[in-house]
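Visitor: Enclosed is the structure file protein12.pdb (PDB, C-alpha atoms).
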```pdb
MODEL        1
ATOM      1  CA  MET A 189     -59.410 -33.280 -71.456
ATOM      2  CA  PHE A 190     -59.848 -30.437 -69.020
ATOM      3  CA  ARG A 191     -57.565 -27.529 -69.802
ATOM      4  CA  MET A 192     -56.644 -25.082 -67.012
ATOM      5  CA  ASN A 193     -57.154 -21.437 -67.850
ATOM      6  CA  ASN A 194     -53.956 -19.560 -67.098
ATOM      7  CA  SER A 195     -55.779 -16.256 -67.056
ATOM      8  CA  ASN A 196     -57.642 -17.344 -63.928
ATOM      9  CA  LEU A 197     -54.359 -17.998 -62.162
ATOM     10  CA  SER A 198     -53.077 -14.552 -62.969
ATOM     11  CA  HIS A 199     -56.168 -12.917 -61.524
ATOM     12  CA  ASN A 200     -56.326 -15.166 -58.463
ATOM     13  CA  PRO A 201     -52.864 -15.409 -56.894
ATOM     14  CA  PRO A 202     -52.338 -18.001 -54.183
ATOM     15  CA  ILE A 203     -52.886 -16.745 -50.634
ATOM     16  CA  THR A 204     -50.659 -19.254 -48.909
ATOM     17  CA  GLY A 205     -48.191 -17.718 -46.494
ATOM     18  CA  LEU A 206     -50.392 -14.773 -45.620
ATOM     19  CA  LEU A 207     -51.026 -14.243 -41.940
ATOM     20  CA  PRO A 208     -54.607 -13.617 -40.865
ATOM     21  CA  LEU A 209     -55.278 -10.119 -39.728
ATOM     22  CA  SER A 210     -56.491  -9.773 -36.158
ATOM     23  CA  PHE A 211     -58.582  -6.865 -35.091
ATOM     24  CA  GLU A 212     -58.535  -6.195 -31.366
ATOM     25  CA  LYS A 213     -60.999  -3.928 -29.705
ATOM     26  CA  PRO A 214     -59.402  -1.026 -27.864
ATOM     27  CA  THR A 215     -59.391  -1.609 -24.166
ATOM     28  CA  LEU A 216     -58.903   0.517 -21.070
ATOM     29  CA  ASN A 217     -56.309  -1.757 -19.520
ATOM     30  CA  TRP A 218     -53.747   1.068 -19.525
ATOM     31  CA  PHE A 219     -56.226   3.217 -17.605
ATOM     32  CA  PHE A 220     -56.229   0.729 -14.735
ATOM     33  CA  LYS A 221     -52.663  -0.553 -15.151
ATOM     34  CA  TYR A 222     -51.150   2.858 -14.509
ATOM     35  CA  LYS A 223     -53.905   3.840 -12.040
ATOM     36  CA  ILE A 224     -54.931   6.860 -14.090
ATOM     37  CA  TYR A 225     -58.380   6.607 -12.534
ATOM     38  CA  HIS A 226     -56.860   7.829  -9.264
ATOM     39  CA  ILE A 227     -56.516  11.338 -10.705
ATOM     40  CA  PRO A 228     -60.251  12.015 -11.186
ATOM     41  CA  PHE A 229     -60.915  10.309  -7.855
ATOM     42  CA  TRP A 230     -58.714  12.765  -5.943
ATOM     43  CA  CYS A 231     -60.064  15.718  -7.898
ATOM     44  CA  VAL A 232     -63.620  14.737  -7.013
ATOM     45  CA  TYR A 233     -62.591  14.062  -3.415
ATOM     46  CA  HIS A 234     -61.129  17.551  -2.950
ATOM     47  CA  TYR A 235     -64.013  19.127  -4.810
ATOM     48  CA  LEU A 236     -66.457  17.518  -2.393
ATOM     49  CA  PHE A 237     -64.220  18.516   0.528
ATOM     50  CA  TRP A 238     -64.433  22.165  -0.529
ATOM     51  CA  LEU A 239     -68.117  21.849  -1.286
ATOM     52  CA  ILE A 240     -68.880  20.583   2.215
ATOM     53  CA  GLY A 241     -66.957  23.531   3.639
ATOM     54  CA  THR A 242     -68.805  26.180   1.628
ATOM     55  CA  GLY A 243     -72.107  24.583   0.650
ATOM     56  CA  ASP A 244     -72.251  26.474  -2.666
ATOM     57  CA  VAL A 245     -71.835  24.341  -5.792
ATOM     58  CA  ILE A 246     -71.634  27.233  -8.250
ATOM     59  CA  LYS A 247     -69.135  29.169  -6.153
ATOM     60  CA  VAL A 248     -66.854  26.174  -5.609
ATOM     61  CA  THR A 249     -66.940  25.155  -9.274
ATOM     62  CA  SER A 250     -66.237  28.660 -10.581
ATOM     63  CA  THR A 251     -63.474  29.163  -7.998
ATOM     64  CA  ILE A 252     -61.658  25.973  -9.011
ATOM     65  CA  LEU A 253     -62.057  26.413 -12.747
ATOM     66  CA  PHE A 254     -61.967  30.149 -13.387
ATOM     67  CA  SER A 255     -59.981  31.844 -10.634
ATOM     68  CA  ILE A 256     -56.463  32.044  -9.283
ATOM     69  CA  TYR A 257     -57.542  29.762  -6.433
ATOM     70  CA  ALA A 258     -57.207  26.884  -8.886
ATOM     71  CA  ILE A 259     -53.528  26.888  -7.843
ATOM     72  CA  LYS A 260     -54.575  26.184  -4.289
ATOM     73  CA  PHE A 261     -56.755  23.303  -5.489
ATOM     74  CA  ILE A 262     -53.894  21.844  -7.577
ATOM     75  CA  PHE A 263     -51.517  22.044  -4.617
ATOM     76  CA  TYR A 264     -53.982  20.152  -2.439
ATOM     77  CA  VAL A 265     -54.501  17.426  -5.049
ATOM     78  CA  LEU A 266     -50.830  17.087  -5.968
ATOM     79  CA  PHE A 267     -49.100  17.075  -2.583
ATOM     80  CA  GLN A 268     -51.757  15.058  -0.797
ATOM     81  CA  ALA A 269     -51.531  12.450  -3.556
ATOM     82  CA  ILE A 270     -47.742  12.350  -3.094
ATOM     83  CA  ALA A 271     -48.156  11.850   0.654
ATOM     84  CA  VAL A 272     -50.814   9.175   0.153
ATOM     85  CA  TYR A 273     -48.824   7.060  -2.310
ATOM     86  CA  PHE A 274     -45.574   7.498  -0.422
ATOM     87  CA  ASN A 275     -47.364   6.044   2.586
ATOM     88  CA  LEU A 276     -49.054   3.231   0.650
ATOM     89  CA  TYR A 277     -46.122   2.037  -1.424
ATOM     90  CA  PHE A 278     -43.131   2.876   0.755
ATOM     91  CA  LEU A 279     -43.950   3.402   4.438
ATOM     92  CA  ILE A 280     -46.510   0.632   4.852
ATOM     93  CA  PRO A 281     -44.472  -2.152   3.161
ATOM     94  CA  ARG A 282     -41.193  -1.104   4.773
ATOM     95  CA  TYR A 283     -42.353  -0.330   8.318
ATOM     96  CA  LEU A 284     -45.984  -1.162   9.101
ATOM     97  CA  GLU A 285     -46.037  -4.625   7.522
ATOM     98  CA  LYS A 286     -42.772  -5.453   9.303
ATOM     99  CA  SER A 287     -44.209  -4.411  12.691
ATOM    100  CA  ARG A 288     -41.899  -1.408  12.998
ATOM    101  CA  PHE A 289     -44.726   0.680  14.407
ATOM    102  CA  THR A 290     -42.783   3.488  16.102
ATOM    103  CA  GLU A 291     -40.760   4.255  12.989
ATOM    104  CA  TYR A 292     -43.864   4.065  10.854
ATOM    105  CA  ILE A 293     -45.777   6.572  12.995
ATOM    106  CA  VAL A 294     -42.844   9.008  13.085
ATOM    107  CA  TYR A 295     -42.234   8.881   9.323
ATOM    108  CA  LEU A 296     -45.940   9.095   8.555
ATOM    109  CA  PHE A 297     -46.281  12.183  10.754
ATOM    110  CA  LEU A 298     -43.296  13.825   9.045
ATOM    111  CA  THR A 299     -44.719  12.947   5.627
ATOM    112  CA  ILE A 300     -48.050  14.556   6.442
ATOM    113  CA  VAL A 301     -46.379  17.672   7.881
ATOM    114  CA  CYS A 302     -44.148  18.082   4.812
ATOM    115  CA  ALA A 303     -47.062  17.647   2.411
ATOM    116  CA  ALA A 304     -49.151  20.112   4.409
ATOM    117  CA  ALA A 305     -46.302  22.645   4.371
ATOM    118  CA  PHE A 306     -45.979  22.413   0.585
ATOM    119  CA  ILE A 307     -49.737  22.916   0.306
ATOM    120  CA  VAL A 308     -49.523  26.095   2.393
ATOM    121  CA  SER A 309     -46.853  27.389   0.005
ATOM    122  CA  GLY A 310     -49.596  27.473  -2.613
ATOM    123  CA  TYR A 311     -51.307  30.255  -0.628
ATOM    124  CA  TYR A 312     -48.187  32.390  -0.916
ATOM    125  CA  LEU A 313     -47.759  31.526  -4.599
ATOM    126  CA  ILE A 314     -51.264  32.837  -5.255
ATOM    127  CA  ALA A 315     -50.391  36.143  -3.629
ATOM    128  CA  LEU A 316     -47.061  36.276  -5.477
ATOM    129  CA  ILE A 317     -48.528  36.010  -8.965
ATOM    130  CA  SER A 318     -51.654  38.046  -8.222
ATOM    131  CA  ASP A 319     -51.991  41.805  -8.256
ATOM    132  CA  LYS A 320     -53.805  41.697  -4.903
ATOM    133  CA  SER A 321     -52.301  41.554  -1.440
ATOM    134  CA  PHE A 322     -52.122  38.399   0.641
ATOM    135  CA  GLU A 323     -54.728  39.743   3.082
ATOM    136  CA  ASP A 324     -57.150  40.558   0.267
ATOM    137  CA  LEU A 325     -56.857  37.086  -1.245
ATOM    138  CA  ILE A 326     -56.660  34.833   1.820
ATOM    139  CA  LYS A 327     -58.278  37.145   4.408
ATOM    140  CA  VAL A 328     -55.508  36.320   6.892
ATOM    141  CA  SER A 329     -52.146  37.899   7.637
ATOM    142  CA  PRO A 330     -49.219  36.277   5.766
ATOM    143  CA  ASP A 331     -47.370  35.617   9.028
ATOM    144  CA  LYS A 332     -49.984  32.987   9.946
ATOM    145  CA  PHE A 333     -48.124  30.104   8.314
ATOM    146  CA  PHE A 334     -48.703  27.694  11.174
ATOM    147  CA  HIS A 335     -52.330  28.756  11.304
ATOM    148  CA  PHE A 336     -52.787  27.555   7.717
ATOM    149  CA  LEU A 337     -50.717  24.465   8.438
ATOM    150  CA  PHE A 338     -52.501  23.104  11.512
ATOM    151  CA  THR A 339     -56.032  24.362  10.852
ATOM    152  CA  GLY A 340     -56.250  23.692   7.123
ATOM    153  CA  SER A 341     -53.752  21.618   5.187
ATOM    154  CA  PHE A 342     -52.602  19.283   7.981
ATOM    155  CA  PRO A 343     -56.097  17.990   8.955
ATOM    156  CA  SER A 344     -57.025  17.673   5.286
ATOM    157  CA  THR A 345     -53.862  15.713   4.456
ATOM    158  CA  LEU A 346     -54.354  13.515   7.514
ATOM    159  CA  ALA A 347     -57.913  12.757   6.384
ATOM    160  CA  SER A 348     -56.782  11.876   2.844
ATOM    161  CA  THR A 349     -53.987   9.649   4.103
ATOM    162  CA  THR A 350     -56.279   7.880   6.557
ATOM    163  CA  LEU A 351     -58.923   7.302   3.893
ATOM    164  CA  ALA A 352     -56.437   5.858   1.395
ATOM    165  CA  MET A 353     -54.768   3.703   4.053
ATOM    166  CA  SER A 354     -58.139   2.340   5.168
ATOM    167  CA  ILE A 355     -59.027   1.416   1.595
ATOM    168  CA  LYS A 356     -55.625  -0.194   1.023
ATOM    169  CA  LEU A 357     -55.646  -2.233   4.238
ATOM    170  CA  THR A 358     -59.238  -3.338   3.668
ATOM    171  CA  LYS A 359     -58.353  -4.440   0.132
ATOM    172  CA  ASN A 360     -55.312  -6.345   1.403
ATOM    173  CA  TRP A 361     -57.411  -8.055   4.084
ATOM    174  CA  ILE A 362     -60.020  -9.154   1.536
ATOM    175  CA  GLU A 363     -57.328 -10.482  -0.827
ATOM    176  CA  THR A 364     -55.669 -12.367   2.034
ATOM    177  CA  LYS A 365     -58.979 -13.953   3.053
ATOM    178  CA  ASN A 366     -59.665 -14.967  -0.545
ATOM    179  CA  ARG A 367     -56.221 -16.571  -0.854
ATOM    180  CA  GLN A 368     -56.758 -18.449   2.392
ATOM    181  CA  GLN A 369     -60.099 -19.767   1.173
ATOM    182  CA  ILE A 370     -58.548 -20.894  -2.114
ATOM    183  CA  LEU A 371     -55.701 -22.654  -0.301
ATOM    184  CA  GLU A 372     -58.104 -24.363   2.100
ATOM    185  CA  ARG A 373     -60.272 -25.522  -0.788
ATOM    186  CA  GLU A 374     -57.281 -26.856  -2.695
ATOM    187  CA  LYS A 375     -56.041 -28.609   0.434
ATOM    188  CA  LEU A 376     -59.440 -30.232   0.968
ATOM    189  CA  GLU A 377     -59.598 -31.372  -2.650
ATOM    190  CA  THR A 378     -56.097 -32.847  -2.371
ATOM    191  CA  GLU A 379     -57.038 -34.742   0.796
ATOM    192  CA  LEU A 380     -60.199 -36.103  -0.835
ATOM    193  CA  LYS A 381     -58.234 -37.303  -3.862
ATOM    194  CA  PHE A 382     -55.684 -38.939  -1.582
ATOM    195  CA  LEU A 383     -58.411 -40.780   0.310
ATOM    196  CA  LYS A 384     -60.023 -41.844  -2.942
ATOM    197  CA  TYR A 385     -56.788 -43.352  -4.276
ATOM    198  CA  GLN A 386     -56.111 -44.969  -0.913
ATOM    199  CA  PHE A 387     -59.467 -46.762  -0.616
ATOM    200  CA  ASN A 388     -60.047 -47.781  -4.215
ATOM    201  CA  PRO A 389     -57.572 -50.769  -4.211
ATOM    202  CA  HIS A 390     -59.253 -52.274  -1.158
ATOM    203  CA  PHE A 391     -62.605 -52.248  -2.868
ATOM    204  CA  LEU A 392     -61.105 -53.809  -5.952
ATOM    205  CA  ILE A 393     -59.591 -56.658  -3.890
ATOM    206  CA  PHE A 394     -62.839 -57.149  -1.991
ATOM    207  CA  TYR A 395     -64.932 -57.512  -5.141
ATOM    208  CA  SER A 396     -62.379 -59.608  -7.080
TER     209      SER A 396
ENDMDL
END
```
Reformat the file's structure so that it appears as structure tokens.
Guide:
Amino acid sequence: MFRMNNSNLSHNPPITGLLPLSFEKPTLNWFFKYKIYHIPFWCVYHYLFWLIGTGDVIKVTSTILFSIYAIKFIFYVLFQAIAVYFNLYFLIPRYLEKSRFTEYIVYLFLTIVCAAAFIVSGYYLIALISDKSFEDLIKVSPDKFFHFLFTGSFPSTLASTTLAMSIKLTKNWIETKNRQQILEREKLETELKFLKYQFNPHFLIFYS
């Protein structure tokens, strides 16, 4: 008679009840879920904006990375991003999509002006923390606030807001068209199935 070796049981415990381990590959879903990719996009956008204005890659790069003017760059990125997303996720759904055009234009204009004003404050912050005078740093008298506002930060903020709004509205239009196509296809399939079920009994009676 076959005799079971108890020593084998002690060395090989049963594995029932154990849950299989699952190994998931790390993904970048969080990167897109929280729209982190927008940060490098706006940094590159403003970098190219400065580069077009000066035409010197080395000078622009060194200015942004290794000088006090990095504060100016951060102010442009930060406050223009605030204006852009305030427009996309608050003003457009609440006013533009509800056909409240006058209110939308007024609030959008005020948003751009406020963002541009905060950006100009970065010029004065640079002079405040630097050992140089405002004229030496910016090459303009400090009483030219509205000069900075309407010749620099306001047009730049308007351009950023317009670009983002164009992308958003284009994306919404494409998604709407895709939904319409899906609904039309589903409607057509439903009608075809209805006709199929309607005509099949007649053919069965005819051939019976």
Visitor: Give me the residues within 12 Å of A:Phe297 as a count of residues only, counting only C-alpha atoms and dropping any in the same chain fewer than 2 places off.
Guide: 22
Visitor: Please return the centre and edge lengths, in Å to one decimal, of a box with edges along x, y and z that contains all listed atoms of stretch 310-329 of chain A, widened by 5 Å on every side, as lines of an AutoDock Vina configuration file.
Guide:
```
center_x = -52.7
center_y = 34.6
center_z = -0.7
size_x = 21.2
size_y = 24.3
size_z = 26.6
```
Visitor: Could you please determine the separation between atom CA of A:Lys260 and atom CA of A:Gly310 in Å, to one decimal place?
Guide: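 Atom CA of A:Gly310 lies 5.4 Å from atom CA of A:Lys260.
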Visitor: Skipping near chain neighbours, those fewer than 2 positions away, what residues fall within 12 Å of stretch 317-329 of chain A using all atoms listed in the file, listed as an NGL selection string?
Guide: :A and (255-257 or 259-260 or 308 or 310-315 or 331-336)
Visitor: Please determine, counting all atoms listed in the file, which residue among A:Ala347, A:Met353, A:Leu380, A:Ile227 has the shortest atom-to-atom distance to A:Leu266.
Guide: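 That would be A:Ile227, the residue with the smallest distance to A:Leu266.
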Visitor: Atom CA of A:Ile262 and atom CA of A:Ile307, how far apart in Å?
Guide: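 Answer for the atom CA of A:Ile307 to atom CA of A:Ile262 separation: 9.0 Å.
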Visitor: I'd like to see the residues matched by the PyMOL selection byres ((chain A and resi 232-241) around 12) on this file, and ideally I'd get them as number ranges by chain.
Guide: A: 225-231, 242-253, 257-258, 260-266, 268-269, 340-341, 343-345, 347-348, 351-352
Visitor: One decimal, in Å: what's the spacing between atom CA of A:Glu285 and atom CA of A:Asn360?
Guide: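 So the two atoms, atom CA of A:Glu285 and atom CA of A:Asn360, lie 11.2 Å apart.
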Visitor: Which is closest to A:Ile280 among A:Leu357, A:Leu337, A:Ile362, A:Leu316, if we use only C-alpha atoms?
Guide: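 Distance minimum relative to A:Ile280 lands on A:Leu357.
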Visitor: Using the atoms already present, construct all heavy atoms for stretch 265-276 of chain A and hand them back as a CSV table (one decimal), keeping the file's coordinate frame.
Guide:
```csv
chain,number,residue,atom,x,y,z
A,265,VAL,N,-54.4,18.7,-4.4
A,265,VAL,CA,-54.5,17.4,-5.0
A,265,VAL,C,-53.1,16.8,-5.2
A,265,VAL,O,-52.9,15.6,-4.9
A,265,VAL,CB,-55.2,17.6,-6.4
A,265,VAL,CG1,-55.1,16.3,-7.2
A,265,VAL,CG2,-56.6,18.0,-6.3
A,266,LEU,N,-52.2,17.6,-5.7
A,266,LEU,CA,-50.8,17.1,-6.0
A,266,LEU,C,-50.1,16.6,-4.7
A,266,LEU,O,-49.7,15.4,-4.7
A,266,LEU,CB,-50.0,18.2,-6.7
A,266,LEU,CG,-48.6,17.8,-7.0
A,266,LEU,CD1,-48.5,16.7,-7.9
A,266,LEU,CD2,-47.8,19.1,-7.5
A,267,PHE,N,-50.0,17.4,-3.7
A,267,PHE,CA,-49.1,17.1,-2.6
A,267,PHE,C,-49.8,16.1,-1.6
A,267,PHE,O,-49.1,15.3,-1.0
A,267,PHE,CB,-48.7,18.3,-1.8
A,267,PHE,CG,-47.7,19.1,-2.6
A,267,PHE,CD1,-48.0,20.3,-3.2
A,267,PHE,CD2,-46.4,18.7,-2.8
A,267,PHE,CE1,-47.1,21.1,-3.9
A,267,PHE,CE2,-45.5,19.4,-3.5
A,267,PHE,CZ,-45.8,20.6,-4.1
A,268,GLN,N,-51.1,16.1,-1.6
A,268,GLN,CA,-51.8,15.1,-0.8
A,268,GLN,C,-51.7,13.7,-1.5
A,268,GLN,O,-51.5,12.7,-0.8
A,268,GLN,CB,-53.2,15.4,-0.5
A,268,GLN,CG,-53.4,16.5,0.5
A,268,GLN,CD,-54.8,16.7,1.0
A,268,GLN,OE1,-55.7,15.9,0.7
A,268,GLN,NE2,-55.0,17.8,1.8
A,269,ALA,N,-51.7,13.7,-2.8
A,269,ALA,CA,-51.5,12.4,-3.6
A,269,ALA,C,-50.1,11.9,-3.3
A,269,ALA,O,-49.9,10.7,-3.2
A,269,ALA,CB,-51.8,12.7,-5.0
A,270,ILE,N,-49.1,12.8,-3.3
A,270,ILE,CA,-47.7,12.4,-3.1
A,270,ILE,C,-47.6,11.7,-1.7
A,270,ILE,O,-47.0,10.7,-1.5
A,270,ILE,CB,-46.8,13.5,-3.2
A,270,ILE,CG1,-46.7,14.0,-4.7
A,270,ILE,CG2,-45.4,13.2,-2.7
A,270,ILE,CD1,-45.9,15.2,-4.9
A,271,ALA,N,-48.2,12.4,-0.7
A,271,ALA,CA,-48.2,11.8,0.7
A,271,ALA,C,-48.9,10.5,0.8
A,271,ALA,O,-48.4,9.6,1.4
A,271,ALA,CB,-48.8,12.9,1.6
A,272,VAL,N,-50.0,10.4,0.1
A,272,VAL,CA,-50.8,9.2,0.2
A,272,VAL,C,-50.0,8.0,-0.4
A,272,VAL,O,-49.9,6.9,0.2
A,272,VAL,CB,-52.2,9.4,-0.6
A,272,VAL,CG1,-52.8,8.0,-0.9
A,272,VAL,CG2,-53.1,10.2,0.3
A,273,TYR,N,-49.5,8.2,-1.6
A,273,TYR,CA,-48.8,7.1,-2.3
A,273,TYR,C,-47.5,6.8,-1.7
A,273,TYR,O,-47.0,5.6,-1.8
A,273,TYR,CB,-48.7,7.3,-3.8
A,273,TYR,CG,-50.1,7.4,-4.4
A,273,TYR,CD1,-50.6,8.6,-5.0
A,273,TYR,CD2,-50.9,6.3,-4.4
A,273,TYR,CE1,-51.9,8.6,-5.5
A,273,TYR,CE2,-52.2,6.3,-5.0
A,273,TYR,CZ,-52.7,7.5,-5.5
A,273,TYR,OH,-53.9,7.6,-6.0
A,274,PHE,N,-46.8,7.8,-1.1
A,274,PHE,CA,-45.6,7.5,-0.4
A,274,PHE,C,-45.9,6.6,0.8
A,274,PHE,O,-45.1,5.7,1.1
A,274,PHE,CB,-44.9,8.8,0.0
A,274,PHE,CG,-43.6,8.6,0.7
A,274,PHE,CD1,-42.5,8.3,0.1
A,274,PHE,CD2,-43.6,8.8,2.1
A,274,PHE,CE1,-41.3,8.1,0.7
A,274,PHE,CE2,-42.4,8.7,2.8
A,274,PHE,CZ,-41.2,8.3,2.1
A,275,ASN,N,-47.0,6.9,1.4
A,275,ASN,CA,-47.4,6.0,2.6
A,275,ASN,C,-47.8,4.6,2.1
A,275,ASN,O,-47.3,3.7,2.8
A,275,ASN,CB,-48.5,6.7,3.3
A,275,ASN,CG,-49.0,5.9,4.5
A,275,ASN,OD1,-48.3,5.3,5.3
A,275,ASN,ND2,-50.4,5.7,4.5
A,276,LEU,N,-48.5,4.5,1.1
A,276,LEU,CA,-49.1,3.2,0.6
A,276,LEU,C,-48.0,2.3,0.1
A,276,LEU,O,-47.9,1.1,0.4
A,276,LEU,CB,-50.1,3.4,-0.4
A,276,LEU,CG,-51.4,4.1,0.0
A,276,LEU,CD1,-52.4,4.2,-1.1
A,276,LEU,CD2,-52.1,3.4,1.2
```
